[in-house]
Amino acid sequence: AGACSAVLTPGSTWPGGFVTGIRVTAGSGGVNAWRLTLTLPNGAITNLWSGRATGSTGTVVIDPAAWNGRLAAGASTDLGFQGTGSVTGATVTCAAA
């Protein structure tokens with residue numbers, strides 16, 4: 001209850017850049033808000049949609065946009081970002097906020 005999970009889904013890549021999606025899914029109790037911790041060791045975020053980032057490289061904290069923070073039990077929302085460098089080695093975790 002009150003937990004969430006996040007899955008990183010690498011998308012397109014090109015020399016020097018990439019696009020990646022993240023799906024956030026609420027646990028059995030739903031969440032009023034979520035917070036992601038993204039570790040991005042080989043790249044930097046240049047454009048993020050459906051969320052608000054603190055930082056752009058290394059360890060980045062991502063909070064929801066105004067409209068997608070509250071998730072009912074089992075519901076999910078998608079966000080994503082474009083970056084420079086590489087998404088290789090990136091990890092993401094989710095916590096209810």
# chains A, B, ... in the order shown; residues from 1 in each chain; ligands from 1

call {"tool": "residues_around", "arguments": {"residues": "Asn47 in chain A", "least_positions_apart": "2", "cutoff": "12 Å", "atoms": "only C-alpha atoms", "output": "mmCIF file with all heavy atoms, in the first residue's frame"}}
result
data_model
loop_
_atom_site.group_PDB
_atom_site.id
_atom_site.type_symbol
_atom_site.label_atom_id
_atom_site.label_comp_id
_atom_site.auth_asym_id
_atom_site.auth_seq_id
_atom_site.Cartn_x
_atom_site.Cartn_y
_atom_site.Cartn_z
ATOM 1 N N GLY A 17 23.032 11.215 -28.456
ATOM 2 C CA GLY A 17 21.752 11.500 -27.826
ATOM 3 C C GLY A 17 20.811 10.316 -27.763
ATOM 4 O O GLY A 17 21.072 9.257 -28.330
ATOM 5 N N PHE A 18 19.692 10.519 -27.077
ATOM 6 C CA PHE A 18 18.721 9.440 -26.878
ATOM 7 C C PHE A 18 17.383 9.998 -26.411
ATOM 8 O O PHE A 18 17.289 11.154 -25.979
ATOM 9 C CB PHE A 18 19.231 8.443 -25.834
ATOM 10 C CG PHE A 18 19.463 9.055 -24.480
ATOM 11 C CD1 PHE A 18 18.454 9.080 -23.523
ATOM 12 C CD2 PHE A 18 20.679 9.637 -24.164
ATOM 13 C CE1 PHE A 18 18.658 9.666 -22.290
ATOM 14 C CE2 PHE A 18 20.903 10.217 -22.927
ATOM 15 C CZ PHE A 18 19.881 10.234 -21.978
ATOM 16 N N VAL A 19 16.349 9.173 -26.501
ATOM 17 C CA VAL A 19 15.041 9.431 -25.913
ATOM 18 C C VAL A 19 14.678 8.207 -25.092
ATOM 19 O O VAL A 19 14.884 7.077 -25.545
ATOM 20 C CB VAL A 19 13.954 9.681 -26.990
ATOM 21 C CG1 VAL A 19 12.582 9.781 -26.362
ATOM 22 C CG2 VAL A 19 14.259 10.926 -27.785
ATOM 23 N N THR A 20 14.150 8.426 -23.897
ATOM 24 C CA THR A 20 13.826 7.324 -22.992
ATOM 25 C C THR A 20 12.473 7.588 -22.343
ATOM 26 O O THR A 20 12.157 8.727 -22.004
ATOM 27 C CB THR A 20 14.907 7.190 -21.903
ATOM 28 O OG1 THR A 20 16.119 6.808 -22.528
ATOM 29 C CG2 THR A 20 14.543 6.146 -20.879
ATOM 30 N N GLY A 21 11.709 6.530 -22.132
ATOM 31 C CA GLY A 21 10.440 6.632 -21.422
ATOM 32 C C GLY A 21 10.544 6.019 -20.037
ATOM 33 O O GLY A 21 11.401 5.171 -19.783
ATOM 34 N N ALA A 44 22.942 13.251 -19.894
ATOM 35 C CA ALA A 44 22.321 14.408 -19.255
ATOM 36 C C ALA A 44 20.946 14.652 -19.870
ATOM 37 O O ALA A 44 20.770 14.524 -21.083
ATOM 38 C CB ALA A 44 23.195 15.646 -19.434
ATOM 39 N N ILE A 45 19.974 15.007 -19.043
ATOM 40 C CA ILE A 45 18.631 15.338 -19.517
ATOM 41 C C ILE A 45 18.647 16.728 -20.139
ATOM 42 O O ILE A 45 19.147 17.676 -19.537
ATOM 43 C CB ILE A 45 17.617 15.295 -18.362
ATOM 44 C CG1 ILE A 45 17.488 13.870 -17.823
ATOM 45 C CG2 ILE A 45 16.261 15.825 -18.811
ATOM 46 C CD1 ILE A 45 16.634 13.763 -16.572
ATOM 47 N N TRP A 49 9.384 15.600 -20.153
ATOM 48 C CA TRP A 49 7.961 15.875 -20.246
ATOM 49 C C TRP A 49 7.196 15.025 -19.242
ATOM 50 O O TRP A 49 7.610 13.942 -18.864
ATOM 51 C CB TRP A 49 7.421 15.676 -21.661
ATOM 52 C CG TRP A 49 7.760 14.370 -22.307
ATOM 53 C CD1 TRP A 49 7.014 13.228 -22.299
ATOM 54 C CD2 TRP A 49 8.937 14.078 -23.060
ATOM 55 N NE1 TRP A 49 7.649 12.250 -23.001
ATOM 56 C CE2 TRP A 49 8.836 12.734 -23.480
ATOM 57 C CE3 TRP A 49 10.064 14.821 -23.414
ATOM 58 C CZ2 TRP A 49 9.821 12.113 -24.231
ATOM 59 C CZ3 TRP A 49 11.042 14.190 -24.163
ATOM 60 C CH2 TRP A 49 10.908 12.863 -24.569
ATOM 61 N N SER A 50 6.092 15.569 -18.762
ATOM 62 C CA SER A 50 5.194 14.950 -17.784
ATOM 63 C C SER A 50 5.844 14.777 -16.417
ATOM 64 O O SER A 50 5.480 13.881 -15.656
ATOM 65 C CB SER A 50 4.637 13.622 -18.301
ATOM 66 O OG SER A 50 3.934 13.815 -19.503
ATOM 67 N N GLY A 51 6.798 15.618 -16.096
ATOM 68 C CA GLY A 51 7.447 15.604 -14.794
ATOM 69 C C GLY A 51 8.323 16.828 -14.627
ATOM 70 O O GLY A 51 8.495 17.616 -15.555
ATOM 71 N N ARG A 52 8.874 16.997 -13.408
ATOM 72 C CA ARG A 52 9.750 18.125 -13.096
ATOM 73 C C ARG A 52 11.040 17.567 -12.506
ATOM 74 O O ARG A 52 10.999 16.837 -11.516
ATOM 75 C CB ARG A 52 9.088 19.064 -12.086
ATOM 76 C CG ARG A 52 7.834 19.724 -12.622
ATOM 77 C CD ARG A 52 7.106 20.553 -11.563
ATOM 78 N NE ARG A 52 6.482 19.666 -10.575
ATOM 79 C CZ ARG A 52 6.780 19.658 -9.279
ATOM 80 N NH1 ARG A 52 7.671 20.489 -8.785
ATOM 81 N NH2 ARG A 52 6.164 18.837 -8.461
ATOM 82 N N ALA A 53 12.159 17.887 -13.109
ATOM 83 C CA ALA A 53 13.446 17.341 -12.683
ATOM 84 C C ALA A 53 14.231 18.338 -11.845
ATOM 85 O O ALA A 53 14.203 19.535 -12.101
ATOM 86 C CB ALA A 53 14.280 16.939 -13.893
ATOM 87 N N GLY A 55 18.052 18.723 -11.176
ATOM 88 C CA GLY A 55 19.307 18.223 -11.708
ATOM 89 C C GLY A 55 19.112 17.707 -13.115
ATOM 90 O O GLY A 55 17.984 17.581 -13.607
ATOM 91 N N SER A 56 20.220 17.401 -13.792
ATOM 92 C CA SER A 56 20.123 16.901 -15.162
ATOM 93 C C SER A 56 21.061 15.733 -15.442
ATOM 94 O O SER A 56 20.925 15.069 -16.465
ATOM 95 C CB SER A 56 20.402 18.021 -16.173
ATOM 96 O OG SER A 56 21.716 18.515 -15.998
ATOM 97 N N LEU A 79 6.041 9.118 -18.565
ATOM 98 C CA LEU A 79 6.785 10.338 -18.784
ATOM 99 C C LEU A 79 8.031 9.981 -19.558
ATOM 100 O O LEU A 79 8.276 8.798 -19.835
ATOM 101 C CB LEU A 79 7.130 11.030 -17.462
ATOM 102 C CG LEU A 79 7.919 10.246 -16.426
ATOM 103 C CD1 LEU A 79 8.821 11.185 -15.640
ATOM 104 C CD2 LEU A 79 6.935 9.592 -15.449
ATOM 105 N N GLY A 80 8.803 10.957 -19.922
ATOM 106 C CA GLY A 80 10.000 10.648 -20.686
ATOM 107 C C GLY A 80 10.929 11.832 -20.774
ATOM 108 O O GLY A 80 10.609 12.926 -20.317
ATOM 109 N N PHE A 81 12.081 11.567 -21.345
ATOM 110 C CA PHE A 81 13.050 12.632 -21.499
ATOM 111 C C PHE A 81 13.960 12.383 -22.679
ATOM 112 O O PHE A 81 14.152 11.262 -23.116
ATOM 113 C CB PHE A 81 13.878 12.834 -20.222
ATOM 114 C CG PHE A 81 14.673 11.638 -19.772
ATOM 115 C CD1 PHE A 81 16.007 11.485 -20.141
ATOM 116 C CD2 PHE A 81 14.107 10.677 -18.958
ATOM 117 C CE1 PHE A 81 16.752 10.398 -19.709
ATOM 118 C CE2 PHE A 81 14.837 9.592 -18.517
ATOM 119 C CZ PHE A 81 16.166 9.444 -18.895
ATOM 120 N N GLN A 82 14.487 13.480 -23.185
ATOM 121 C CA GLN A 82 15.504 13.453 -24.231
ATOM 122 C C GLN A 82 16.807 13.861 -23.561
ATOM 123 O O GLN A 82 16.819 14.673 -22.636
ATOM 124 C CB GLN A 82 15.152 14.437 -25.334
ATOM 125 C CG GLN A 82 16.141 14.456 -26.477
ATOM 126 C CD GLN A 82 15.673 15.354 -27.608
ATOM 127 O OE1 GLN A 82 14.548 15.809 -27.640
ATOM 128 N NE2 GLN A 82 16.569 15.607 -28.543
ATOM 129 N N GLY A 83 17.902 13.270 -24.016
ATOM 130 C CA GLY A 83 19.173 13.596 -23.394
ATOM 131 C C GLY A 83 20.339 13.550 -24.353
ATOM 132 O O GLY A 83 20.220 13.107 -25.498
ATOM 133 N N THR A 84 21.457 14.020 -23.845
ATOM 134 C CA THR A 84 22.715 13.920 -24.565
ATOM 135 C C THR A 84 23.558 12.840 -23.904
ATOM 136 O O THR A 84 23.338 12.476 -22.760
ATOM 137 C CB THR A 84 23.485 15.253 -24.532
ATOM 138 O OG1 THR A 84 23.729 15.615 -23.178
ATOM 139 C CG2 THR A 84 22.716 16.342 -25.239
#

call {"tool": "atom_distance", "arguments": {"atom1": "CA of Trp67 in chain A", "atom2": "CA of Gly27 in chain A"}}
result
18.6 Å

call {"tool": "residues_around", "arguments": {"residues": "Leu8 in chain A", "least_positions_apart": "5", "cutoff": "7 Å", "atoms": "only C-alpha atoms", "output": "JSON list (two decimals) with all heavy atoms, in the first residue's frame"}}
result
[["chain", "number", "residue", "atom", "x", "y", "z"],
["A", 21, "GLY", "N", 11.71, 6.53, -22.13],
["A", 21, "GLY", "CA", 10.44, 6.63, -21.42],
["A", 21, "GLY", "C", 10.54, 6.02, -20.04],
["A", 21, "GLY", "O", 11.40, 5.17, -19.78],
["A", 22, "ILE", "N", 9.67, 6.47, -19.15],
["A", 22, "ILE", "CA", 9.56, 5.89, -17.81],
["A", 22, "ILE", "C", 8.08, 5.68, -17.54],
["A", 22, "ILE", "O", 7.27, 6.59, -17.73],
["A", 22, "ILE", "CB", 10.15, 6.82, -16.72],
["A", 22, "ILE", "CG1", 11.62, 7.11, -16.99],
["A", 22, "ILE", "CG2", 9.96, 6.20, -15.34],
["A", 22, "ILE", "CD1", 12.22, 8.13, -16.04],
["A", 23, "ARG", "N", 7.72, 4.50, -17.06],
["A", 23, "ARG", "CA", 6.35, 4.23, -16.63],
["A", 23, "ARG", "C", 6.33, 4.08, -15.12],
["A", 23, "ARG", "O", 7.07, 3.27, -14.57],
["A", 23, "ARG", "CB", 5.78, 2.97, -17.29],
["A", 23, "ARG", "CG", 4.40, 2.62, -16.72],
["A", 23, "ARG", "CD", 3.68, 1.64, -17.57],
["A", 23, "ARG", "NE", 3.18, 2.39, -18.74],
["A", 23, "ARG", "CZ", 2.40, 1.85, -19.66],
["A", 23, "ARG", "NH1", 2.04, 0.59, -19.59],
["A", 23, "ARG", "NH2", 2.00, 2.58, -20.68],
["A", 92, "VAL", "N", 16.28, 3.59, -12.36],
["A", 92, "VAL", "CA", 15.25, 4.46, -11.77],
["A", 92, "VAL", "C", 14.55, 3.70, -10.66],
["A", 92, "VAL", "O", 14.31, 2.50, -10.76],
["A", 92, "VAL", "CB", 14.26, 4.94, -12.85],
["A", 92, "VAL", "CG1", 13.44, 3.81, -13.44],
["A", 92, "VAL", "CG2", 13.34, 6.04, -12.28]]

call {"tool": "closest_residue", "arguments": {"among": "A:Ser28, A:Ser76, A:Thr46, A:Thr59", "to": "Ala90 in chain A", "atoms": "only C-alpha atoms"}}
result
A:Thr59

call {"tool": "atom_distance", "arguments": {"atom1": "CA of Gly74 in chain A", "atom2": "CA of Val60 in chain A"}}
result
24.9 Å
